[in-house]
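Coordinates as given in target-v1.tsv (TSV, N, CA and C atoms):
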```tsv
chain	number	residue	atom	x	y	z
A	28	MET	N	144.68	125.80	81.65
A	28	MET	CA	144.35	124.59	82.36
A	28	MET	C	145.44	123.57	82.11
A	29	ILE	N	145.78	122.79	83.10
A	29	ILE	CA	146.81	121.77	82.97
A	29	ILE	C	146.27	120.45	83.49
A	30	LYS	N	146.56	119.38	82.76
A	30	LYS	CA	146.25	118.03	83.23
A	30	LYS	C	147.56	117.25	83.16
A	31	ARG	N	147.79	116.41	84.15
A	31	ARG	CA	149.05	115.70	84.18
A	31	ARG	C	148.84	114.21	84.32
A	32	GLY	N	149.55	113.45	83.49
A	32	GLY	CA	149.71	112.02	83.68
A	32	GLY	C	151.08	111.86	84.32
A	33	SER	N	151.49	110.66	84.64
A	33	SER	CA	152.78	110.53	85.31
A	33	SER	C	153.96	110.84	84.38
A	34	GLU	N	153.77	110.71	83.05
A	34	GLU	CA	154.87	110.97	82.12
A	34	GLU	C	154.58	112.07	81.11
A	35	ALA	N	153.41	112.70	81.18
A	35	ALA	CA	153.08	113.76	80.23
A	35	ALA	C	152.16	114.79	80.88
A	36	VAL	N	152.21	116.01	80.35
A	36	VAL	CA	151.29	117.05	80.80
A	36	VAL	C	150.56	117.60	79.58
A	37	ILE	N	149.37	118.15	79.83
A	37	ILE	CA	148.57	118.76	78.78
A	37	ILE	C	148.33	120.22	79.17
A	38	PHE	N	148.63	121.13	78.26
A	38	PHE	CA	148.29	122.54	78.43
A	38	PHE	C	147.15	122.85	77.48
A	39	ILE	N	146.08	123.41	78.00
A	39	ILE	CA	144.89	123.70	77.19
A	39	ILE	C	144.61	125.19	77.28
A	40	THR	N	144.44	125.80	76.11
A	40	THR	CA	144.03	127.20	76.04
A	40	THR	C	142.64	127.20	75.43
A	41	ALA	N	141.66	127.65	76.18
A	41	ALA	CA	140.28	127.65	75.71
A	41	ALA	C	140.02	128.84	74.79
A	42	ALA	N	139.09	128.67	73.88
A	42	ALA	CA	138.75	129.73	72.93
A	42	ALA	C	138.17	130.95	73.66
A	43	THR	N	137.68	130.77	74.86
A	43	THR	CA	137.12	131.90	75.61
A	43	THR	C	138.21	132.79	76.20
A	44	ASP	N	139.45	132.31	76.20
A	44	ASP	CA	140.55	133.15	76.69
A	44	ASP	C	140.81	134.29	75.71
A	45	LYS	N	141.39	135.36	76.20
A	45	LYS	CA	141.71	136.50	75.34
A	45	LYS	C	142.66	136.08	74.23
A	46	GLN	N	142.53	136.66	73.08
A	46	GLN	CA	143.43	136.49	71.93
A	46	GLN	C	143.28	135.17	71.19
A	47	PHE	N	142.53	134.20	71.71
A	47	PHE	CA	142.46	132.90	71.06
A	47	PHE	C	141.09	132.69	70.42
A	48	LEU	N	141.11	132.26	69.16
A	48	LEU	CA	139.88	132.04	68.42
A	48	LEU	C	139.37	130.61	68.53
A	49	GLU	N	140.22	129.70	68.93
A	49	GLU	CA	139.85	128.29	69.03
A	49	GLU	C	140.63	127.64	70.17
A	50	ASN	N	140.16	126.44	70.57
A	50	ASN	CA	140.87	125.71	71.61
A	50	ASN	C	142.21	125.23	71.07
A	51	ASN	N	143.23	125.29	71.90
A	51	ASN	CA	144.56	124.80	71.55
A	51	ASN	C	145.01	123.84	72.64
A	52	ILE	N	145.65	122.75	72.24
A	52	ILE	CA	146.16	121.77	73.19
A	52	ILE	C	147.63	121.52	72.86
A	53	GLU	N	148.44	121.46	73.90
A	53	GLU	CA	149.83	121.08	73.72
A	53	GLU	C	150.17	119.98	74.72
A	54	PHE	N	150.70	118.88	74.20
A	54	PHE	CA	151.15	117.77	75.03
A	54	PHE	C	152.67	117.87	75.15
A	55	ILE	N	153.18	117.69	76.36
A	55	ILE	CA	154.62	117.63	76.56
A	55	ILE	C	154.92	116.34	77.31
A	56	ASN	N	155.69	115.46	76.67
A	56	ASN	CA	156.09	114.22	77.33
A	56	ASN	C	157.29	114.55	78.21
A	57	LEU	N	157.18	114.27	79.50
A	57	LEU	CA	158.22	114.64	80.46
A	57	LEU	C	159.45	113.76	80.36
A	58	ILE	N	159.33	112.57	79.77
A	58	ILE	CA	160.47	111.67	79.64
A	58	ILE	C	161.27	111.99	78.37
A	59	THR	N	160.56	112.11	77.23
A	59	THR	CA	161.26	112.34	75.96
A	59	THR	C	161.43	113.82	75.62
A	60	GLY	N	160.64	114.70	76.26
A	60	GLY	CA	160.69	116.12	75.95
A	60	GLY	C	159.94	116.49	74.68
A	61	LYS	N	159.26	115.53	74.05
A	61	LYS	CA	158.53	115.78	72.81
A	61	LYS	C	157.31	116.67	73.08
A	62	ARG	N	157.14	117.69	72.23
A	62	ARG	CA	155.99	118.59	72.31
A	62	ARG	C	155.11	118.32	71.09
A	63	THR	N	153.81	118.15	71.32
A	63	THR	CA	152.86	117.94	70.23
A	63	THR	C	151.72	118.93	70.43
A	64	ALA	N	151.47	119.76	69.42
A	64	ALA	CA	150.42	120.78	69.52
A	64	ALA	C	149.29	120.47	68.55
A	65	LEU	N	148.07	120.67	69.01
A	65	LEU	CA	146.88	120.50	68.18
A	65	LEU	C	146.00	121.73	68.35
A	66	SER	N	145.31	122.11	67.29
A	66	SER	CA	144.34	123.19	67.38
A	66	SER	C	143.28	122.92	66.34
A	67	GLY	N	142.27	123.73	66.35
A	67	GLY	CA	141.20	123.55	65.38
A	67	GLY	C	139.88	123.44	66.09
A	68	ASN	N	139.05	122.57	65.58
A	68	ASN	CA	137.69	122.41	66.05
A	68	ASN	C	137.64	121.47	67.26
A	69	LEU	N	138.52	121.68	68.23
A	69	LEU	CA	138.63	120.80	69.39
A	69	LEU	C	137.43	120.93	70.31
A	70	ASN	N	137.02	119.80	70.86
A	70	ASN	CA	135.91	119.76	71.79
A	70	ASN	C	136.34	120.37	73.12
A	71	ASP	N	135.38	120.71	73.95
A	71	ASP	CA	135.68	121.26	75.27
A	71	ASP	C	136.01	120.17	76.28
A	72	VAL	N	135.95	118.91	75.86
A	72	VAL	CA	136.28	117.79	76.75
A	72	VAL	C	137.79	117.67	76.86
A	73	VAL	N	138.29	117.59	78.08
A	73	VAL	CA	139.73	117.44	78.30
A	73	VAL	C	140.19	116.11	77.73
A	74	PRO	N	141.29	116.08	76.99
A	74	PRO	CA	141.79	114.81	76.45
A	74	PRO	C	141.99	113.76	77.55
A	75	LEU	N	141.77	112.51	77.20
A	75	LEU	CA	141.95	111.42	78.14
A	75	LEU	C	143.37	110.89	78.02
A	76	LEU	N	144.00	110.58	79.13
A	76	LEU	CA	145.36	110.05	79.14
A	76	LEU	C	145.36	108.59	79.54
A	77	TYR	N	146.19	107.80	78.87
A	77	TYR	CA	146.35	106.38	79.15
A	77	TYR	C	147.84	106.07	79.16
A	78	ASP	N	148.20	104.89	79.65
A	78	ASP	CA	149.59	104.43	79.65
A	78	ASP	C	150.53	105.48	80.26
A	79	ARG	N	150.20	105.94	81.47
A	79	ARG	CA	151.00	106.93	82.20
A	79	ARG	C	151.12	108.27	81.46
A	80	GLY	N	150.21	108.56	80.58
A	80	GLY	CA	150.25	109.81	79.83
A	80	GLY	C	150.93	109.70	78.48
A	81	ASN	N	151.41	108.53	78.13
A	81	ASN	CA	152.07	108.34	76.83
A	81	ASN	C	151.07	108.29	75.68
A	82	ILE	N	149.83	107.96	75.97
A	82	ILE	CA	148.77	107.89	74.96
A	82	ILE	C	147.66	108.84	75.38
A	83	ALA	N	147.16	109.63	74.43
A	83	ALA	CA	146.05	110.55	74.70
A	83	ALA	C	144.98	110.38	73.63
A	84	ILE	N	143.74	110.59	74.03
A	84	ILE	CA	142.62	110.61	73.10
A	84	ILE	C	142.07	112.03	73.09
A	85	VAL	N	142.01	112.62	71.90
A	85	VAL	CA	141.55	113.99	71.72
A	85	VAL	C	140.24	113.95	70.95
A	86	PHE	N	139.26	114.77	71.39
A	86	PHE	CA	137.95	114.80	70.75
A	86	PHE	C	137.73	116.15	70.07
A	87	TYR	N	137.04	116.10	68.91
A	87	TYR	CA	136.72	117.29	68.14
A	87	TYR	C	135.21	117.53	68.15
A	88	ARG	N	134.82	118.77	67.92
A	88	ARG	CA	133.39	119.13	67.94
A	88	ARG	C	132.58	118.41	66.88
A	89	ASP	N	133.18	118.05	65.78
A	89	ASP	CA	132.44	117.36	64.71
A	89	ASP	C	132.31	115.86	64.96
A	90	GLY	N	132.73	115.37	66.15
A	90	GLY	CA	132.57	113.97	66.49
A	90	GLY	C	133.79	113.12	66.20
A	91	ARG	N	134.82	113.69	65.59
A	91	ARG	CA	136.05	112.93	65.33
A	91	ARG	C	136.82	112.72	66.62
A	92	ALA	N	137.71	111.75	66.60
A	92	ALA	CA	138.63	111.53	67.71
A	92	ALA	C	139.97	111.12	67.13
A	93	GLN	N	141.04	111.47	67.84
A	93	GLN	CA	142.38	111.10	67.43
A	93	GLN	C	143.11	110.48	68.62
A	94	ILE	N	143.99	109.54	68.30
A	94	ILE	CA	144.87	108.96	69.31
A	94	ILE	C	146.25	109.58	69.09
A	95	VAL	N	146.88	110.01	70.18
A	95	VAL	CA	148.16	110.71	70.11
A	95	VAL	C	149.18	109.95	70.95
A	96	ASP	N	150.34	109.68	70.37
A	96	ASP	CA	151.46	109.12	71.11
A	96	ASP	C	152.31	110.30	71.57
A	97	THR	N	152.25	110.64	72.85
A	97	THR	CA	152.96	111.83	73.33
A	97	THR	C	154.47	111.63	73.36
A	98	ARG	N	154.94	110.37	73.27
A	98	ARG	CA	156.39	110.12	73.25
A	98	ARG	C	156.99	110.50	71.90
A	99	THR	N	156.26	110.23	70.81
A	99	THR	CA	156.81	110.43	69.47
A	99	THR	C	156.12	111.54	68.69
A	100	GLY	N	154.91	111.93	69.11
A	100	GLY	CA	154.14	112.92	68.37
A	100	GLY	C	153.28	112.33	67.27
A	101	LYS	N	153.26	111.00	67.13
A	101	LYS	CA	152.42	110.36	66.11
A	101	LYS	C	150.95	110.57	66.45
A	102	ILE	N	150.15	110.83	65.41
A	102	ILE	CA	148.72	111.07	65.57
A	102	ILE	C	147.98	110.21	64.56
A	103	GLU	N	146.93	109.55	64.99
A	103	GLU	CA	146.13	108.70	64.11
A	103	GLU	C	144.65	109.00	64.35
A	104	LEU	N	143.90	109.14	63.28
A	104	LEU	CA	142.46	109.35	63.37
A	104	LEU	C	141.80	108.04	63.81
A	105	ILE	N	140.87	108.12	64.75
A	105	ILE	CA	140.13	106.94	65.19
A	105	ILE	C	138.87	106.86	64.35
A	106	GLU	N	138.68	105.72	63.65
A	106	GLU	CA	137.54	105.57	62.74
A	106	GLU	C	136.77	104.29	63.03
A	107	ASN	N	135.50	104.28	62.64
A	107	ASN	CA	134.64	103.11	62.67
A	107	ASN	C	134.33	102.60	64.08
A	108	PHE	N	134.37	103.47	65.07
A	108	PHE	CA	134.03	103.10	66.44
A	108	PHE	C	132.64	103.60	66.78
A	109	ASP	N	131.99	102.91	67.72
A	109	ASP	CA	130.72	103.41	68.23
A	109	ASP	C	130.98	104.74	68.92
A	110	LYS	N	130.18	105.73	68.58
A	110	LYS	CA	130.35	107.04	69.18
A	110	LYS	C	129.59	107.08	70.51
A	111	TYR	N	129.97	108.01	71.35
A	111	TYR	CA	129.32	108.16	72.64
A	111	TYR	C	128.80	109.58	72.75
A	112	VAL	N	127.55	109.74	73.14
A	112	VAL	CA	126.93	111.06	73.24
A	112	VAL	C	126.83	111.46	74.70
A	113	LEU	N	127.41	112.61	75.02
A	113	LEU	CA	127.25	113.19	76.35
A	113	LEU	C	125.98	114.03	76.29
A	114	SER	N	124.86	113.43	76.65
A	114	SER	CA	123.56	114.07	76.44
A	114	SER	C	123.40	115.37	77.21
A	115	ASP	N	123.95	115.45	78.41
A	115	ASP	CA	123.80	116.69	79.17
A	115	ASP	C	124.59	117.85	78.57
A	116	LEU	N	125.65	117.55	77.84
A	116	LEU	CA	126.45	118.59	77.19
A	116	LEU	C	126.17	118.71	75.70
A	117	LYS	N	125.35	117.80	75.17
A	117	LYS	CA	125.02	117.77	73.75
A	117	LYS	C	126.27	117.67	72.88
A	118	MET	N	127.20	116.80	73.30
A	118	MET	CA	128.45	116.57	72.56
A	118	MET	C	128.52	115.11	72.15
A	119	THR	N	129.06	114.88	70.96
A	119	THR	CA	129.32	113.53	70.50
A	119	THR	C	130.82	113.29	70.51
A	120	LEU	N	131.22	112.21	71.17
A	120	LEU	CA	132.63	111.84	71.19
A	120	LEU	C	132.84	110.74	70.17
A	121	GLY	N	133.93	110.80	69.43
A	121	GLY	CA	134.19	109.85	68.35
A	121	GLY	C	134.67	108.50	68.83
A	122	LEU	N	134.48	108.19	70.09
A	122	LEU	CA	134.91	106.92	70.65
A	122	LEU	C	134.10	106.70	71.92
A	123	ASN	N	133.52	105.52	72.07
A	123	ASN	CA	132.82	105.20	73.29
A	123	ASN	C	133.86	104.78	74.32
A	124	VAL	N	134.17	105.66	75.24
A	124	VAL	CA	135.25	105.42	76.19
A	124	VAL	C	134.90	104.34	77.21
A	125	TYR	N	133.64	103.96	77.28
A	125	TYR	CA	133.24	102.91	78.21
A	125	TYR	C	133.41	101.52	77.62
A	126	LYS	N	133.62	101.43	76.30
A	126	LYS	CA	133.79	100.14	75.64
A	126	LYS	C	135.17	99.97	75.01
A	127	ASN	N	136.01	100.99	75.08
A	127	ASN	CA	137.31	100.98	74.42
A	127	ASN	C	138.37	101.53	75.36
A	128	TYR	N	139.49	100.81	75.48
A	128	TYR	CA	140.56	101.24	76.37
A	128	TYR	C	141.90	101.16	75.64
A	129	PRO	N	142.48	102.32	75.28
A	129	PRO	CA	143.79	102.31	74.61
A	129	PRO	C	144.88	101.78	75.54
A	130	ILE	N	145.71	100.86	75.02
A	130	ILE	CA	146.81	100.34	75.83
A	130	ILE	C	148.16	100.73	75.24
A	131	LYS	N	148.23	100.95	73.96
A	131	LYS	CA	149.42	101.43	73.26
A	131	LYS	C	148.94	102.27	72.09
A	132	PHE	N	149.87	102.95	71.41
A	132	PHE	CA	149.47	103.72	70.22
A	132	PHE	C	148.92	102.76	69.18
A	133	ASN	N	147.70	103.03	68.74
A	133	ASN	CA	147.02	102.23	67.71
A	133	ASN	C	146.70	100.80	68.17
A	134	LYS	N	146.61	100.57	69.46
A	134	LYS	CA	146.17	99.28	70.01
A	134	LYS	C	145.16	99.57	71.12
A	135	ILE	N	143.93	99.14	70.90
A	135	ILE	CA	142.82	99.45	71.79
A	135	ILE	C	142.11	98.16	72.17
A	136	VAL	N	141.88	97.95	73.46
A	136	VAL	CA	141.10	96.80	73.91
A	136	VAL	C	139.64	97.23	73.86
A	137	GLN	N	138.84	96.41	73.18
A	137	GLN	CA	137.44	96.76	72.94
A	137	GLN	C	136.51	95.67	73.48
A	138	LEU	N	135.49	96.09	74.19
A	138	LEU	CA	134.43	95.20	74.66
A	138	LEU	C	133.21	95.45	73.80
A	139	ARG	N	132.71	94.40	73.14
A	139	ARG	CA	131.59	94.57	72.21
A	139	ARG	C	130.57	93.45	72.38
A	140	LYS	N	129.30	93.84	72.39
A	140	LYS	CA	128.20	92.88	72.44
A	140	LYS	C	127.56	92.83	71.05
A	141	GLU	N	127.48	91.65	70.48
A	141	GLU	CA	126.84	91.46	69.17
A	141	GLU	C	125.88	90.29	69.29
A	142	ASN	N	124.61	90.54	69.02
A	142	ASN	CA	123.55	89.54	69.15
A	142	ASN	C	123.60	88.91	70.54
A	143	ASP	N	123.88	87.64	70.66
A	143	ASP	CA	123.93	87.00	71.98
A	143	ASP	C	125.36	86.62	72.37
A	144	ASN	N	126.34	87.33	71.83
A	144	ASN	CA	127.75	87.10	72.16
A	144	ASN	C	128.37	88.37	72.73
A	145	ILE	N	129.34	88.20	73.59
A	145	ILE	CA	130.14	89.31	74.07
A	145	ILE	C	131.60	88.97	73.76
A	146	ARG	N	132.34	89.98	73.26
A	146	ARG	CA	133.70	89.72	72.80
A	146	ARG	C	134.65	90.80	73.31
A	147	LEU	N	135.81	90.37	73.75
A	147	LEU	CA	136.89	91.26	74.14
A	147	LEU	C	137.98	91.10	73.09
A	148	SER	N	138.29	92.20	72.38
A	148	SER	CA	139.23	92.14	71.25
A	148	SER	C	140.29	93.21	71.36
A	149	LEU	N	141.41	92.96	70.70
A	149	LEU	CA	142.44	93.97	70.50
A	149	LEU	C	142.22	94.51	69.09
A	150	VAL	N	142.00	95.82	68.97
A	150	VAL	CA	141.73	96.43	67.66
A	150	VAL	C	142.69	97.59	67.42
A	151	ASP	N	142.76	98.03	66.14
A	151	ASP	CA	143.57	99.21	65.83
A	151	ASP	C	142.66	100.44	65.77
A	152	SER	N	143.19	101.57	65.35
A	152	SER	CA	142.41	102.81	65.34
A	152	SER	C	141.31	102.84	64.29
A	153	HIS	N	141.26	101.85	63.42
A	153	HIS	CA	140.20	101.74	62.42
A	153	HIS	C	139.20	100.66	62.78
A	154	SER	N	139.25	100.18	64.02
A	154	SER	CA	138.38	99.14	64.56
A	154	SER	C	138.61	97.79	63.89
A	155	LYS	N	139.76	97.62	63.25
A	155	LYS	CA	140.13	96.34	62.65
A	155	LYS	C	140.58	95.40	63.78
A	156	ILE	N	140.03	94.20	63.81
A	156	ILE	CA	140.37	93.25	64.87
A	156	ILE	C	141.76	92.70	64.64
A	157	LEU	N	142.64	92.90	65.63
A	157	LEU	CA	143.99	92.36	65.58
A	157	LEU	C	144.06	91.00	66.24
A	158	LYS	N	143.26	90.84	67.31
A	158	LYS	CA	143.24	89.57	68.03
A	158	LYS	C	141.99	89.52	68.91
A	159	ILE	N	141.31	88.37	68.93
A	159	ILE	CA	140.20	88.18	69.83
A	159	ILE	C	140.77	87.63	71.14
A	160	LEU	N	140.59	88.36	72.22
A	160	LEU	CA	141.14	87.99	73.52
A	160	LEU	C	140.23	87.02	74.27
A	161	ALA	N	138.92	87.23	74.14
A	161	ALA	CA	137.95	86.35	74.81
A	161	ALA	C	136.60	86.52	74.13
A	162	GLN	N	135.83	85.45	74.12
A	162	GLN	CA	134.48	85.50	73.55
A	162	GLN	C	133.59	84.57	74.33
A	163	GLN	N	132.38	85.01	74.63
A	163	GLN	CA	131.45	84.22	75.42
A	163	GLN	C	130.05	84.41	74.89
A	164	GLN	N	129.32	83.30	74.77
A	164	GLN	CA	127.93	83.38	74.35
A	164	GLN	C	127.08	83.62	75.59
A	165	LEU	N	126.18	84.59	75.49
A	165	LEU	CA	125.30	84.93	76.59
A	165	LEU	C	124.08	84.01	76.57
A	166	LYS	N	123.69	83.53	77.72
A	166	LYS	CA	122.54	82.65	77.82
A	166	LYS	C	121.40	83.40	78.48
A	167	ASP	N	120.18	83.12	78.05
A	167	ASP	CA	119.01	83.78	78.65
A	167	ASP	C	118.70	83.25	80.02
```
How does this structure look as structure tokens?
Amino acid sequence: MIKRGSEAVIFITAATDKQFLENNIEFINLITGKRTALSGNLNDVVPLLYDRGNIAIVFYRDGRAQIVDTRTGKIELIENFDKYVLSDLKMTLGLNVYKNYPIKFNKIVQLRKENDNIRLSLVDSHSKILKILAQQQLKD
């Protein structure tokens, strides 16, 4: 299976294919030529591409998620984020993709509701707030 962003492609070999015991993913950045390979307990969900394919989010069966810079091959574990459950597939993703949008490696725009406030923040892969972009108190 192949997925393409404008600057990167993903090659996925599923564990159900002959000779393979686990899912394997290889990212190739078309601009830099960098190849990054991952294998292991990878989820069956196709990695998500952002920033023209330069940033990818990879999900694992145990609920972990990693952010990958396909230009350099840097990989960072995503921690302390609200998880998202795909109930029809019985899978847990280590990042709620509806509340978090990666814009650069280790820089994620996050929308979060806490009590009666809603906040738009720039966070890192550990959910540490780098900058509050907007905040609004919700009124009943």
Fill in: Nearest to A:Arg79, chosen from A:Gly100, A:Gly32, A:Gly121, A:Pro129, with all atoms listed in the file counted in the distances
A:Gly32
Worksheet entry | Per-residue DSSP, chain A, filtered to strand (DSSP E or B), as number ranges by chain | A: 29-31, 35-40, 50-56, 62-67, 69, 75-77, 82-87, 92-96, 102-105, 111-113, 118-120, 127-131, 134-141, 144-150, 156-164
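Among A:Leu75, A:Met118, A:Ile105, A:Val124, the residue with the shortest atom-to-atom distance to A:Asp151, counting only N, CA and C atoms, is A:Ile105.
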Tell me which residues come within 12 Å of (161.6, 118.9, 75.7), as an mmCIF file with N, CA and C atoms, in the frame of the given file, counting only C-alpha atoms in the file's coordinates.
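Output file out-v6.cif follows:
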```cif
data_model
loop_
_atom_site.group_PDB
_atom_site.id
_atom_site.type_symbol
_atom_site.label_atom_id
_atom_site.label_comp_id
_atom_site.auth_asym_id
_atom_site.auth_seq_id
_atom_site.Cartn_x
_atom_site.Cartn_y
_atom_site.Cartn_z
ATOM 1 N N ALA A 35 153.410 112.700 81.180
ATOM 2 C CA ALA A 35 153.080 113.760 80.230
ATOM 3 C C ALA A 35 152.160 114.790 80.880
ATOM 4 N N VAL A 36 152.210 116.010 80.350
ATOM 5 C CA VAL A 36 151.290 117.050 80.800
ATOM 6 C C VAL A 36 150.560 117.600 79.580
ATOM 7 N N PHE A 54 150.700 118.880 74.200
ATOM 8 C CA PHE A 54 151.150 117.770 75.030
ATOM 9 C C PHE A 54 152.670 117.870 75.150
ATOM 10 N N ILE A 55 153.180 117.690 76.360
ATOM 11 C CA ILE A 55 154.620 117.630 76.560
ATOM 12 C C ILE A 55 154.920 116.340 77.310
ATOM 13 N N ASN A 56 155.690 115.460 76.670
ATOM 14 C CA ASN A 56 156.090 114.220 77.330
ATOM 15 C C ASN A 56 157.290 114.550 78.210
ATOM 16 N N LEU A 57 157.180 114.270 79.500
ATOM 17 C CA LEU A 57 158.220 114.640 80.460
ATOM 18 C C LEU A 57 159.450 113.760 80.360
ATOM 19 N N ILE A 58 159.330 112.570 79.770
ATOM 20 C CA ILE A 58 160.470 111.670 79.640
ATOM 21 C C ILE A 58 161.270 111.990 78.370
ATOM 22 N N THR A 59 160.560 112.110 77.230
ATOM 23 C CA THR A 59 161.260 112.340 75.960
ATOM 24 C C THR A 59 161.430 113.820 75.620
ATOM 25 N N GLY A 60 160.640 114.700 76.260
ATOM 26 C CA GLY A 60 160.690 116.120 75.950
ATOM 27 C C GLY A 60 159.940 116.490 74.680
ATOM 28 N N LYS A 61 159.260 115.530 74.050
ATOM 29 C CA LYS A 61 158.530 115.780 72.810
ATOM 30 C C LYS A 61 157.310 116.670 73.080
ATOM 31 N N ARG A 62 157.140 117.690 72.230
ATOM 32 C CA ARG A 62 155.990 118.590 72.310
ATOM 33 C C ARG A 62 155.110 118.320 71.090
ATOM 34 N N THR A 63 153.810 118.150 71.320
ATOM 35 C CA THR A 63 152.860 117.940 70.230
ATOM 36 C C THR A 63 151.720 118.930 70.430
ATOM 37 N N THR A 97 152.250 110.640 72.850
ATOM 38 C CA THR A 97 152.960 111.830 73.330
ATOM 39 C C THR A 97 154.470 111.630 73.360
ATOM 40 N N ARG A 98 154.940 110.370 73.270
ATOM 41 C CA ARG A 98 156.390 110.120 73.250
ATOM 42 C C ARG A 98 156.990 110.500 71.900
ATOM 43 N N THR A 99 156.260 110.230 70.810
ATOM 44 C CA THR A 99 156.810 110.430 69.470
ATOM 45 C C THR A 99 156.120 111.540 68.690
#
```
Need the shell around A:Ala92: protein/DNA/RNA residues with any atom at most 12 Å away, counting only C-alpha atoms. Skip same-chain ones fewer than 2 positions apart. Format as a tab-separated table (two decimals) with N, CA and C atoms, keeping the file's coordinate frame?
```tsv
chain	number	residue	atom	x	y	z
A	68	ASN	N	139.05	122.57	65.58
A	68	ASN	CA	137.69	122.41	66.05
A	68	ASN	C	137.64	121.47	67.26
A	69	LEU	N	138.52	121.68	68.23
A	69	LEU	CA	138.63	120.80	69.39
A	69	LEU	C	137.43	120.93	70.31
A	70	ASN	N	137.02	119.80	70.86
A	70	ASN	CA	135.91	119.76	71.79
A	70	ASN	C	136.34	120.37	73.12
A	72	VAL	N	135.95	118.91	75.86
A	72	VAL	CA	136.28	117.79	76.75
A	72	VAL	C	137.79	117.67	76.86
A	74	PRO	N	141.29	116.08	76.99
A	74	PRO	CA	141.79	114.81	76.45
A	74	PRO	C	141.99	113.76	77.55
A	75	LEU	N	141.77	112.51	77.20
A	75	LEU	CA	141.95	111.42	78.14
A	75	LEU	C	143.37	110.89	78.02
A	83	ALA	N	147.16	109.63	74.43
A	83	ALA	CA	146.05	110.55	74.70
A	83	ALA	C	144.98	110.38	73.63
A	84	ILE	N	143.74	110.59	74.03
A	84	ILE	CA	142.62	110.61	73.10
A	84	ILE	C	142.07	112.03	73.09
A	85	VAL	N	142.01	112.62	71.90
A	85	VAL	CA	141.55	113.99	71.72
A	85	VAL	C	140.24	113.95	70.95
A	86	PHE	N	139.26	114.77	71.39
A	86	PHE	CA	137.95	114.80	70.75
A	86	PHE	C	137.73	116.15	70.07
A	87	TYR	N	137.04	116.10	68.91
A	87	TYR	CA	136.72	117.29	68.14
A	87	TYR	C	135.21	117.53	68.15
A	88	ARG	N	134.82	118.77	67.92
A	88	ARG	CA	133.39	119.13	67.94
A	88	ARG	C	132.58	118.41	66.88
A	89	ASP	N	133.18	118.05	65.78
A	89	ASP	CA	132.44	117.36	64.71
A	89	ASP	C	132.31	115.86	64.96
A	90	GLY	N	132.73	115.37	66.15
A	90	GLY	CA	132.57	113.97	66.49
A	90	GLY	C	133.79	113.12	66.20
A	94	ILE	N	143.99	109.54	68.30
A	94	ILE	CA	144.87	108.96	69.31
A	94	ILE	C	146.25	109.58	69.09
A	95	VAL	N	146.88	110.01	70.18
A	95	VAL	CA	148.16	110.71	70.11
A	95	VAL	C	149.18	109.95	70.95
A	102	ILE	N	150.15	110.83	65.41
A	102	ILE	CA	148.72	111.07	65.57
A	102	ILE	C	147.98	110.21	64.56
A	103	GLU	N	146.93	109.55	64.99
A	103	GLU	CA	146.13	108.70	64.11
A	103	GLU	C	144.65	109.00	64.35
A	104	LEU	N	143.90	109.14	63.28
A	104	LEU	CA	142.46	109.35	63.37
A	104	LEU	C	141.80	108.04	63.81
A	105	ILE	N	140.87	108.12	64.75
A	105	ILE	CA	140.13	106.94	65.19
A	105	ILE	C	138.87	106.86	64.35
A	106	GLU	N	138.68	105.72	63.65
A	106	GLU	CA	137.54	105.57	62.74
A	106	GLU	C	136.77	104.29	63.03
A	107	ASN	N	135.50	104.28	62.64
A	107	ASN	CA	134.64	103.11	62.67
A	107	ASN	C	134.33	102.60	64.08
A	108	PHE	N	134.37	103.47	65.07
A	108	PHE	CA	134.03	103.10	66.44
A	108	PHE	C	132.64	103.60	66.78
A	109	ASP	N	131.99	102.91	67.72
A	109	ASP	CA	130.72	103.41	68.23
A	109	ASP	C	130.98	104.74	68.92
A	110	LYS	N	130.18	105.73	68.58
A	110	LYS	CA	130.35	107.04	69.18
A	110	LYS	C	129.59	107.08	70.51
A	111	TYR	N	129.97	108.01	71.35
A	111	TYR	CA	129.32	108.16	72.64
A	111	TYR	C	128.80	109.58	72.75
A	119	THR	N	129.06	114.88	70.96
A	119	THR	CA	129.32	113.53	70.50
A	119	THR	C	130.82	113.29	70.51
A	120	LEU	N	131.22	112.21	71.17
A	120	LEU	CA	132.63	111.84	71.19
A	120	LEU	C	132.84	110.74	70.17
A	121	GLY	N	133.93	110.80	69.43
A	121	GLY	CA	134.19	109.85	68.35
A	121	GLY	C	134.67	108.50	68.83
A	122	LEU	N	134.48	108.19	70.09
A	122	LEU	CA	134.91	106.92	70.65
A	122	LEU	C	134.10	106.70	71.92
A	123	ASN	N	133.52	105.52	72.07
A	123	ASN	CA	132.82	105.20	73.29
A	123	ASN	C	133.86	104.78	74.32
A	124	VAL	N	134.17	105.66	75.24
A	124	VAL	CA	135.25	105.42	76.19
A	124	VAL	C	134.90	104.34	77.21
A	152	SER	N	143.19	101.57	65.35
A	152	SER	CA	142.41	102.81	65.34
A	152	SER	C	141.31	102.84	64.29
A	153	HIS	N	141.26	101.85	63.42
A	153	HIS	CA	140.20	101.74	62.42
A	153	HIS	C	139.20	100.66	62.78
```
Fill in: Nearby residues (all atoms listed in the file) at most 7 Å from A:Asn127, same-chain spacing under 6 positions excluded, as a ChimeraX atom specification
/A:135-138
Can you sort out the box for stretch 105-117 of chain A, edges along x, y and z, all listed atoms in, 6 Å on every side, with centre and edge lengths in Å to one decimal, as JSON?
```
{"center_x": 132.1, "center_y": 110.7, "center_z": 70.9, "size_x": 29.5, "size_y": 28.1, "size_z": 28.5}
```
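Among the candidates A:Asn142, A:Leu76, A:Lys134, A:Ser114, the one nearest to A:Arg31 when counting all atoms listed in the file is A:Leu76.
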Fill in: Among listed residues A:Leu157, A:Ile37, A:Ala64, A:Leu116, nearest A:Gly80 (using only C-alpha atoms)
A:Ile37
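In this model, the gap between atom CA of A:Asn51 and atom CA of A:Asp96 comes to 17.1 Å.
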Worksheet item: Between atom N of A:Tyr77 and atom N of A:Leu65, what is the distance, to one decimal in Å?
Response: 16.3 Å
Worksheet entry | Protein/DNA/RNA residues near (136.2, 88.5, 72.0), cut 6 Å, only N, CA and C atoms, as a ChimeraX atom specification | /A:145-148,159-163
